[in-house]
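Below is upload13.txt, which holds compact mmCIF, C-alpha atoms and all ligand atoms.
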```
# COMPACT_ATOMS: atom_id res chain seq x y z
CA MET A 16 89.24 117.28 96.90
CA LYS A 17 92.16 118.24 99.12
CA LEU A 18 91.18 119.53 102.57
CA ALA A 19 93.49 121.36 104.93
CA VAL A 20 93.34 122.70 108.47
CA PHE A 21 95.44 125.80 109.01
CA ASP A 22 96.27 128.71 111.34
CA ASP A 23 93.68 128.82 114.16
CA TYR A 24 91.92 125.63 112.98
CA ARG A 25 90.52 127.16 109.80
CA ILE A 26 89.28 124.55 107.32
CA GLY A 27 90.36 125.00 103.73
CA VAL A 28 90.08 123.51 100.26
CA VAL A 29 93.44 123.29 98.53
CA ASP A 30 93.93 124.02 94.83
CA GLY A 31 97.50 123.97 93.57
CA ASP A 32 99.58 126.22 95.80
CA SER A 33 96.66 128.07 97.32
CA VAL A 34 93.95 127.35 99.88
CA ARG A 35 90.43 128.76 100.17
CA ASP A 36 88.87 129.14 103.61
CA VAL A 37 85.61 127.17 103.89
CA SER A 38 85.26 127.32 107.70
CA ASP A 39 81.85 128.94 107.37
CA ALA A 40 80.50 125.65 105.97
CA VAL A 41 80.51 124.39 109.57
CA PRO A 42 77.61 125.71 111.68
CA ALA A 43 78.74 128.44 114.06
CA ALA A 44 77.13 126.65 117.01
CA LEU A 45 79.73 123.87 116.63
CA ARG A 46 82.80 126.09 116.90
CA GLN A 47 83.32 125.76 120.63
CA TRP A 48 86.17 123.30 120.17
CA PRO A 49 87.74 124.21 116.82
CA PRO A 50 90.17 121.24 116.68
CA ALA A 51 87.15 118.91 116.40
CA LEU A 52 85.42 120.66 113.50
CA MET A 53 86.88 118.32 110.89
CA ASN A 54 85.30 115.33 112.65
CA TRP A 55 81.91 116.99 112.23
CA LEU A 56 82.58 117.91 108.59
CA ILE A 57 83.61 114.33 107.75
CA ALA A 58 80.60 112.85 109.57
CA ASN A 59 78.21 115.21 107.75
CA TRP A 60 80.07 115.41 104.45
CA SER A 61 77.28 114.74 101.97
CA GLU A 62 74.95 117.35 103.44
CA ALA A 63 77.77 119.86 104.06
CA LEU A 64 79.35 119.52 100.62
CA PRO A 65 77.14 122.11 98.85
CA ARG A 66 78.07 124.66 101.53
CA VAL A 67 81.75 123.71 101.27
CA LEU A 68 81.64 124.32 97.51
CA ALA A 69 79.77 127.60 97.90
CA CYS A 70 82.31 128.83 100.49
CA ARG A 71 85.17 127.72 98.26
CA ASP A 72 83.84 129.59 95.27
CA ALA A 73 83.30 132.75 97.30
CA ALA A 74 86.67 132.74 99.08
CA ALA A 75 89.82 134.51 97.97
CA PRO A 76 92.76 132.14 97.45
CA LEU A 77 95.45 132.35 100.12
CA PRO A 78 98.98 131.25 99.24
CA LEU A 79 99.75 127.97 101.03
CA ALA A 80 103.21 129.32 101.77
CA GLY A 81 101.62 131.98 103.96
CA VAL A 82 99.58 129.72 106.25
CA GLU A 83 100.56 127.29 109.00
CA LEU A 84 99.37 123.79 108.10
CA LEU A 85 97.99 121.85 111.05
CA PRO A 86 97.12 118.13 110.93
CA PRO A 87 94.24 117.82 108.41
CA ASN A 88 92.24 116.26 111.22
CA PRO A 89 93.68 117.74 114.45
CA ALA A 90 91.55 115.85 117.00
CA PRO A 91 90.50 112.37 115.87
CA SER A 92 88.97 110.22 118.61
CA HIS A 93 91.52 107.50 117.81
CA VAL A 94 94.82 107.05 116.02
CA PHE A 95 95.12 103.33 115.30
CA ALA A 96 98.33 101.88 113.93
CA ALA A 97 99.35 98.62 112.33
CA PRO A 98 102.56 96.98 113.53
CA ALA A 99 104.62 94.75 111.23
CA ASN A 100 102.54 95.18 108.08
CA TYR A 101 105.21 94.86 105.37
CA ARG A 102 107.09 91.55 105.07
CA LYS A 103 110.52 93.08 104.39
CA HIS A 104 110.24 95.35 107.47
CA ILE A 105 109.69 92.40 109.79
CA GLY A 106 113.06 91.47 111.21
CA GLU A 107 115.01 94.53 110.06
CA LEU A 108 115.17 95.99 113.58
CA GLY A 109 116.75 92.88 115.11
CA SER A 110 116.95 93.05 118.89
CA ARG A 111 115.39 96.53 118.89
CA ALA A 112 112.09 95.09 117.70
CA VAL A 113 109.35 94.27 120.18
CA THR A 114 107.71 92.04 117.54
CA LYS A 115 109.19 88.58 117.84
CA GLY A 116 108.87 85.48 115.71
CA GLY A 117 107.92 87.20 112.48
CA ARG A 118 104.36 87.88 113.59
CA SER A 119 102.59 90.37 111.36
CA ALA A 120 99.70 92.77 111.92
CA ARG A 121 97.36 89.91 111.04
CA GLU A 122 98.36 88.09 114.24
CA GLN A 123 99.16 91.13 116.42
CA GLY A 124 96.21 93.36 115.55
CA PHE A 125 96.71 97.08 116.17
CA PHE A 126 98.17 99.48 118.70
CA LEU A 127 97.28 103.08 119.54
CA LYS A 128 99.16 106.34 119.20
CA ALA A 129 97.95 109.29 121.28
CA PRO A 130 95.98 111.80 119.16
CA GLY A 131 97.93 114.47 121.06
CA SER A 132 101.07 113.39 119.22
CA LEU A 133 99.75 114.69 115.88
CA VAL A 134 101.47 117.61 114.17
CA GLY A 135 100.90 119.18 110.76
CA ALA A 136 103.17 119.93 107.82
CA GLY A 137 103.71 123.41 109.23
CA GLY A 138 105.22 122.04 112.44
CA ALA A 139 108.44 120.28 113.38
CA LEU A 140 109.42 116.90 114.79
CA LEU A 141 110.61 117.59 118.32
CA LEU A 142 112.83 115.10 120.15
CA PRO A 143 113.26 115.05 123.93
CA GLN A 144 115.93 117.57 124.85
CA GLY A 145 119.35 116.08 125.46
CA SER A 146 118.27 112.52 124.67
CA GLN A 147 120.82 109.86 123.75
CA ARG A 148 118.14 107.42 122.61
CA ARG A 149 117.56 106.29 119.03
CA PHE A 150 114.57 107.84 117.22
CA ASP A 151 113.32 106.30 113.96
CA HIS A 152 111.11 107.32 111.05
CA GLU A 153 108.35 105.11 109.66
CA SER A 154 106.72 106.19 106.39
CA GLU A 155 103.02 105.28 106.34
CA LEU A 156 99.82 105.78 104.38
CA ALA A 157 97.13 107.13 106.71
CA VAL A 158 93.47 106.25 106.22
CA ILE A 159 90.86 108.73 107.46
CA VAL A 160 87.61 107.02 108.45
CA GLY A 161 84.37 108.51 107.04
CA ARG A 162 81.56 106.78 108.93
CA ARG A 163 80.97 105.01 112.21
CA ALA A 164 82.17 101.47 111.67
CA ARG A 165 81.48 98.46 113.90
CA ASN A 166 81.84 94.83 112.79
CA VAL A 167 82.40 95.78 109.16
CA PRO A 168 83.49 92.89 106.94
CA ARG A 169 86.38 93.64 104.59
CA SER A 170 84.08 93.26 101.57
CA GLU A 171 82.21 96.41 102.67
CA ALA A 172 85.03 98.24 104.40
CA MET A 173 86.11 100.64 101.66
CA GLN A 174 82.73 102.40 101.88
CA TYR A 175 83.88 103.59 105.32
CA VAL A 176 86.99 105.39 104.04
CA PHE A 177 86.76 109.17 103.75
CA GLY A 178 90.26 109.81 102.51
CA TYR A 179 94.01 109.52 102.89
CA SER A 180 97.01 111.43 104.14
CA CYS A 181 100.74 110.95 104.70
CA LEU A 182 101.81 109.92 108.19
CA ILE A 183 105.23 109.61 109.79
CA ASP A 184 105.11 107.20 112.72
CA ALA A 185 108.05 108.50 114.75
CA THR A 186 109.34 106.10 117.36
CA MET A 187 111.75 106.03 120.27
CA ARG A 188 113.36 102.60 119.98
CA ILE A 189 113.84 100.27 122.88
CA GLU A 190 117.34 99.73 124.22
CA PRO A 191 117.53 95.94 124.33
CA GLY A 192 117.94 94.71 127.89
CA VAL A 193 117.98 98.26 129.25
CA ALA A 194 114.77 100.11 128.49
CA GLU A 195 111.72 98.50 126.96
CA GLU A 196 108.98 101.06 127.50
CA GLU A 197 105.49 100.47 126.18
CA ARG A 198 105.15 100.97 122.43
CA SER A 199 102.23 103.39 122.76
CA MET A 200 104.36 105.71 124.93
CA ARG A 201 107.48 105.50 122.77
CA LYS A 202 105.37 106.52 119.75
CA SER A 203 103.31 109.23 121.49
CA PHE A 204 105.83 111.95 122.31
CA GLU A 205 104.39 115.32 121.27
CA THR A 206 104.84 115.80 117.47
CA PHE A 207 105.67 112.09 116.91
CA THR A 208 102.77 111.70 114.45
CA PRO A 209 103.20 114.14 111.56
CA LEU A 210 100.03 113.97 109.42
CA GLY A 211 99.45 115.84 106.18
CA PRO A 212 99.98 117.96 104.31
CA PHE A 213 96.30 117.55 103.34
CA LEU A 214 93.41 115.14 103.58
CA VAL A 215 92.78 113.79 100.08
CA THR A 216 89.26 112.47 99.60
CA ALA A 217 88.94 108.83 98.57
CA ASP A 218 87.55 109.63 95.10
CA GLU A 219 91.00 110.97 94.17
CA VAL A 220 92.73 107.72 95.16
CA PRO A 221 91.09 104.94 93.13
CA ASP A 222 93.42 102.19 94.40
CA PRO A 223 95.05 102.79 97.80
CA GLN A 224 96.91 99.48 97.42
CA ALA A 225 98.98 100.69 94.47
CA LEU A 226 100.76 103.78 95.79
CA ASP A 227 104.48 104.47 95.93
CA ASN A 228 105.48 105.40 99.47
CA ARG A 229 108.84 107.12 99.93
CA LEU A 230 110.72 108.86 102.72
CA TRP A 231 113.95 110.83 102.68
CA VAL A 232 116.24 112.16 105.41
CA ASN A 233 118.26 115.22 104.31
CA GLY A 234 117.51 114.35 100.68
CA GLU A 235 118.73 110.75 100.99
CA LEU A 236 116.07 108.19 100.04
CA ARG A 237 115.61 105.89 103.05
CA GLN A 238 112.28 104.14 102.40
CA GLN A 239 110.78 103.20 99.06
CA ALA A 240 107.97 100.70 98.71
CA ASN A 241 104.46 100.32 97.37
CA THR A 242 101.27 99.91 99.35
CA ARG A 243 100.51 96.76 97.36
CA ASP A 244 103.04 95.03 99.63
CA MET A 245 100.95 95.55 102.78
CA ILE A 246 100.21 92.27 104.53
CA VAL A 247 96.88 93.45 105.98
CA ASP A 248 95.34 95.83 103.46
CA VAL A 249 93.14 98.84 104.22
CA ALA A 250 89.88 96.88 103.99
CA GLU A 251 91.12 94.14 106.31
CA LEU A 252 92.47 96.74 108.79
CA ILE A 253 88.98 98.23 109.03
CA GLU A 254 87.51 94.75 109.50
CA LEU A 255 90.09 94.01 112.20
CA ILE A 256 89.71 97.25 114.17
CA SER A 257 85.92 97.41 113.85
CA SER A 258 85.76 93.87 115.23
CA VAL A 259 87.16 95.28 118.48
CA LEU A 260 85.49 98.69 118.81
CA THR A 261 83.68 101.42 116.94
CA LEU A 262 85.64 103.54 114.49
CA ASN A 263 84.41 107.15 114.38
CA PRO A 264 84.34 109.66 111.52
CA GLY A 265 87.75 111.32 111.38
CA ASP A 266 89.63 108.47 113.02
CA VAL A 267 93.12 107.89 111.65
CA ILE A 268 94.60 104.49 110.78
CA ALA A 269 98.37 104.37 110.23
CA THR A 270 98.75 101.39 107.92
CA GLY A 271 102.28 100.35 108.87
CA THR A 272 105.77 100.97 107.57
CA PRO A 273 107.76 99.26 104.85
CA GLU A 274 111.46 98.45 105.18
CA GLY A 275 114.14 101.09 105.44
CA VAL A 276 113.27 102.30 108.93
CA GLY A 277 116.18 104.27 110.33
CA PRO A 278 117.23 107.00 112.73
CA PHE A 279 116.93 110.77 112.54
CA ALA A 280 118.34 113.48 114.79
CA PRO A 281 118.03 117.19 115.52
CA GLY A 282 119.05 119.23 112.48
CA ASP A 283 117.70 116.67 110.01
CA THR A 284 114.87 117.23 107.56
CA VAL A 285 112.46 114.33 107.01
CA ARG A 286 110.37 114.24 103.83
CA ILE A 287 107.51 111.83 103.11
CA ALA A 288 105.78 111.49 99.73
CA ILE A 289 102.94 109.14 98.87
CA GLU A 290 101.71 109.01 95.28
CA GLN A 291 98.35 110.76 94.76
CA VAL A 292 98.22 111.62 98.47
CA GLY A 293 100.86 114.23 99.23
CA ASP A 294 104.38 115.33 99.97
CA MET A 295 105.62 117.10 103.09
CA SER A 296 108.87 117.91 104.86
CA LEU A 297 109.43 118.56 108.54
CA SER A 298 112.56 119.68 110.29
CA VAL A 299 113.76 117.79 113.36
CA ARG A 300 114.62 119.79 116.44
CA GLU A 301 114.88 119.36 120.20
CA GLN A 302 112.00 120.19 122.50
CA PRO A 303 112.49 123.73 123.86
CA GLN A 304 112.18 122.44 127.44
CA ARG A 305 113.94 119.60 129.20
CA SER A 306 111.41 117.13 130.59
CA PRO A 307 111.57 116.43 134.34
CA ARG A 308 111.83 112.76 133.47
CA PRO A 309 114.66 112.29 130.96
CA TYR A 310 114.52 109.99 127.92
MN MN B 401 104.51 102.23 112.37
```
What does the file become when written as structure tokens?
Amino acid sequence: MKLAVFDDYRIGVVDGDSVRDVSDAVPAALRQWPPALMNWLIANWSEALPRVLACRDAAAPLPLAGVELLPPNPAPSHVFAAPANYRKHIGELGSRAVTKGGRSAREQGFFLKAPGSLVGAGGALLLPQGSQRRFDHESELAVIVGRRARNVPRSEAMQYVFGYSCLIDATMRIEPGVAEEERSMRKSFETFTPLGPFLVTADEVPDPQALDNRLWVNGELRQQANTRDMIVDVAELIELISSVLTLNPGDVIATGTPEGVGPFAPGDTVRIAIEQVGDMSLSVREQPQRSPRPY
């Protein structure tokens, strides 16, 4: 099943180029903070599923082209991310890389992106106004966690996956010797984590380690790899993160980027496509306001 969040945090089931509103499957008493509804739906999926299906079958199809797609989980409690998780990517950034000595995600662990940096397929990638810095795209498979997970060995980890989505890990690069801000801040500007277009449930992705992952800028193919080349696979990422803290239903794990990372600028269009998971394009623009602190 393909799940979407759209307009004013409506929850929908996607079928082809239409979406059916299933928001009524979530108890009305829970609707005080609509961005968090998907966390509840994921956590209670097996008991909610009959209501989701009943709502779907009763709803009129809305054309996807007529709705605004938000991130398919707009308010996860965490967005975890793997650094240096494809061998050929390690080293390609030279002096602009903060990862030294060829260390992979297996040695480094994970970092965090702010959940507030998420944006959906209906949004745009917004760069700081007037910036002269370099901003890069990273094309990544996102894992959406299905159950609370703490100290989960990799042999059991796939039972904790709810589904998958496409994720662009946008990054402001360091300027070697000039500006080496923290990674979590450089990757957490508003809209720097496009997620979508949908959340595809795990039953539709039998092998997440065999998916073509591609990214284009203005129609030019920049990144092309397969998730089989991940150094730390999805199961081991869950083992690694859950060894540190509790993963919650709806949490997002960005699994790292393959080679081909490169810059984008206002006016560009960035497209990500991951086999069996989705395909979305976002335009790149400048933030409408200049920030009091320039970047
Ligand atoms: Mn990344």
Inset, instruction - Tell me which protein, DNA and RNA residues are within 12 Å of Val193 of chain A, counting all atoms listed in the file, leaving out same-chain ones fewer than 3 positions away, and put them as a count of residues only. - result: 7
Legend entry - Pairwise distance for atom CA of Thr186 of chain A and atom CA of Thr208 of chain A, rounded to one decimal in Å: 9.1 Å
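Counting all atoms listed in the file, the residue from A:Leu182, A:Leu230, A:Leu141, A:Ala136 that sits nearest to Val158 of chain A is A:Leu182.
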How close does chain A get to ligand MN 401 (chain B)? List, as CSV, each residue of chain A within 10 Å, its nearest atom pair and the distance in Å to one decimal, counting all atoms listed in the file.
```
residue,atom,partner,partner_atom,distance
A:Phe95,CA,B:MN401,MN,9.9
A:Ala96,CA,B:MN401,MN,6.4
A:Ala97,CA,B:MN401,MN,6.3
A:Pro98,CA,B:MN401,MN,5.7
A:Ala99,CA,B:MN401,MN,7.6
A:Asn100,CA,B:MN401,MN,8.5
A:Phe126,CA,B:MN401,MN,9.4
A:Lys128,CA,B:MN401,MN,9.6
A:Asp151,CA,B:MN401,MN,9.8
A:His152,CA,B:MN401,MN,8.4
A:Glu153,CA,B:MN401,MN,5.5
A:Ser154,CA,B:MN401,MN,7.5
A:Glu155,CA,B:MN401,MN,6.9
A:Leu156,CA,B:MN401,MN,9.9
A:Leu182,CA,B:MN401,MN,9.2
A:Ile183,CA,B:MN401,MN,7.9
A:Asp184,CA,B:MN401,MN,5.0
A:Ala185,CA,B:MN401,MN,7.6
A:Thr186,CA,B:MN401,MN,8.0
A:Lys202,CA,B:MN401,MN,8.6
A:Thr208,CA,B:MN401,MN,9.9
A:Ala269,CA,B:MN401,MN,6.8
A:Thr270,CA,B:MN401,MN,7.3
A:Gly271,CA,B:MN401,MN,4.6
A:Thr272,CA,B:MN401,MN,5.1
A:Pro273,CA,B:MN401,MN,8.7
A:Val276,CA,B:MN401,MN,9.4
```
Export of the given selection (C-alpha atoms) as a PDB file, in the frame of the given file:
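Output file result_11.pdb is given in full below:
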```pdb
ATOM      1  CA  PHE A  95      95.120 103.330 115.300  1.00  0.00           C
ATOM      2  CA  ALA A  96      98.330 101.880 113.930  1.00  0.00           C
ATOM      3  CA  ALA A  97      99.350  98.620 112.330  1.00  0.00           C
ATOM      4  CA  PRO A  98     102.560  96.980 113.530  1.00  0.00           C
ATOM      5  CA  ALA A  99     104.620  94.750 111.230  1.00  0.00           C
ATOM      6  CA  ASN A 100     102.540  95.180 108.080  1.00  0.00           C
ATOM      7  CA  PHE A 126      98.170  99.480 118.700  1.00  0.00           C
ATOM      8  CA  LYS A 128      99.160 106.340 119.200  1.00  0.00           C
ATOM      9  CA  ASP A 151     113.320 106.300 113.960  1.00  0.00           C
ATOM     10  CA  HIS A 152     111.110 107.320 111.050  1.00  0.00           C
ATOM     11  CA  GLU A 153     108.350 105.110 109.660  1.00  0.00           C
ATOM     12  CA  SER A 154     106.720 106.190 106.390  1.00  0.00           C
ATOM     13  CA  GLU A 155     103.020 105.280 106.340  1.00  0.00           C
ATOM     14  CA  LEU A 156      99.820 105.780 104.380  1.00  0.00           C
ATOM     15  CA  LEU A 182     101.810 109.920 108.190  1.00  0.00           C
ATOM     16  CA  ILE A 183     105.230 109.610 109.790  1.00  0.00           C
ATOM     17  CA  ASP A 184     105.110 107.200 112.720  1.00  0.00           C
ATOM     18  CA  ALA A 185     108.050 108.500 114.750  1.00  0.00           C
ATOM     19  CA  THR A 186     109.340 106.100 117.360  1.00  0.00           C
ATOM     20  CA  LYS A 202     105.370 106.520 119.750  1.00  0.00           C
ATOM     21  CA  THR A 208     102.770 111.700 114.450  1.00  0.00           C
ATOM     22  CA  ALA A 269      98.370 104.370 110.230  1.00  0.00           C
ATOM     23  CA  THR A 270      98.750 101.390 107.920  1.00  0.00           C
ATOM     24  CA  GLY A 271     102.280 100.350 108.870  1.00  0.00           C
ATOM     25  CA  THR A 272     105.770 100.970 107.570  1.00  0.00           C
ATOM     26  CA  PRO A 273     107.760  99.260 104.850  1.00  0.00           C
ATOM     27  CA  VAL A 276     113.270 102.300 108.930  1.00  0.00           C
TER      28      VAL A 276
END
```
Inset, instruction - Would you mind listing what lies within 6 Å of segment 69-86 of chain A as a VMD selection string, with all atoms listed in the file counted and same-chain residues fewer than 4 positions away left out? - result: chain A and resid 20 to 22 32 to 35 37 134 to 137 210 to 211
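Here atom CA of Pro309 of chain A stands at a distance of 20.3 Å from atom CA of Ala139 of chain A.
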Inset, instruction - Please identify all polymer residues within 10 Å of Lys17 of chain A, counting all atoms listed in the file, omitting same-chain residues fewer than 2 positions from it, and present them as number ranges by chain. - result: A: 19, 27-31, 34, 87, 178-180, 212-217, 219, 292-293
Could those selected residues go to a file with C-alpha atoms, as a CSV table (one decimal), in the frame of the given file?
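What follows is the written file again_21.csv:
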```csv
chain,number,residue,atom,x,y,z
A,19,ALA,CA,93.5,121.4,104.9
A,27,GLY,CA,90.4,125.0,103.7
A,28,VAL,CA,90.1,123.5,100.3
A,29,VAL,CA,93.4,123.3,98.5
A,30,ASP,CA,93.9,124.0,94.8
A,31,GLY,CA,97.5,124.0,93.6
A,34,VAL,CA,94.0,127.4,99.9
A,87,PRO,CA,94.2,117.8,108.4
A,178,GLY,CA,90.3,109.8,102.5
A,179,TYR,CA,94.0,109.5,102.9
A,180,SER,CA,97.0,111.4,104.1
A,212,PRO,CA,100.0,118.0,104.3
A,213,PHE,CA,96.3,117.6,103.3
A,214,LEU,CA,93.4,115.1,103.6
A,215,VAL,CA,92.8,113.8,100.1
A,216,THR,CA,89.3,112.5,99.6
A,217,ALA,CA,88.9,108.8,98.6
A,219,GLU,CA,91.0,111.0,94.2
A,292,VAL,CA,98.2,111.6,98.5
A,293,GLY,CA,100.9,114.2,99.2
```
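The spacing separating atom CA of Asp23 of chain A from atom CA of Ser298 of chain A amounts to 21.3 Å.
Look at everything within 6 Å of (101.5, 112.8, 121.5) using all atoms listed in the file, and the residues you get are Ala129, Gly131, Ser132, Ser203, Phe204 and Glu205 of chain A.
Residue nearest Gln147 of chain A, chosen from A:Val232, A:Ile246, A:Ala280, A:Leu252 and counting all atoms listed in the file: A:Ala280.
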Inset, instruction - Go through A:Ala240, A:Glu274, A:Gly265, A:Ala172 one by one, measure the shortest atom-to-atom distance of each to Ile253 of chain A using only C-alpha atoms, and give the residue with the smallest value. - result: A:Ala172
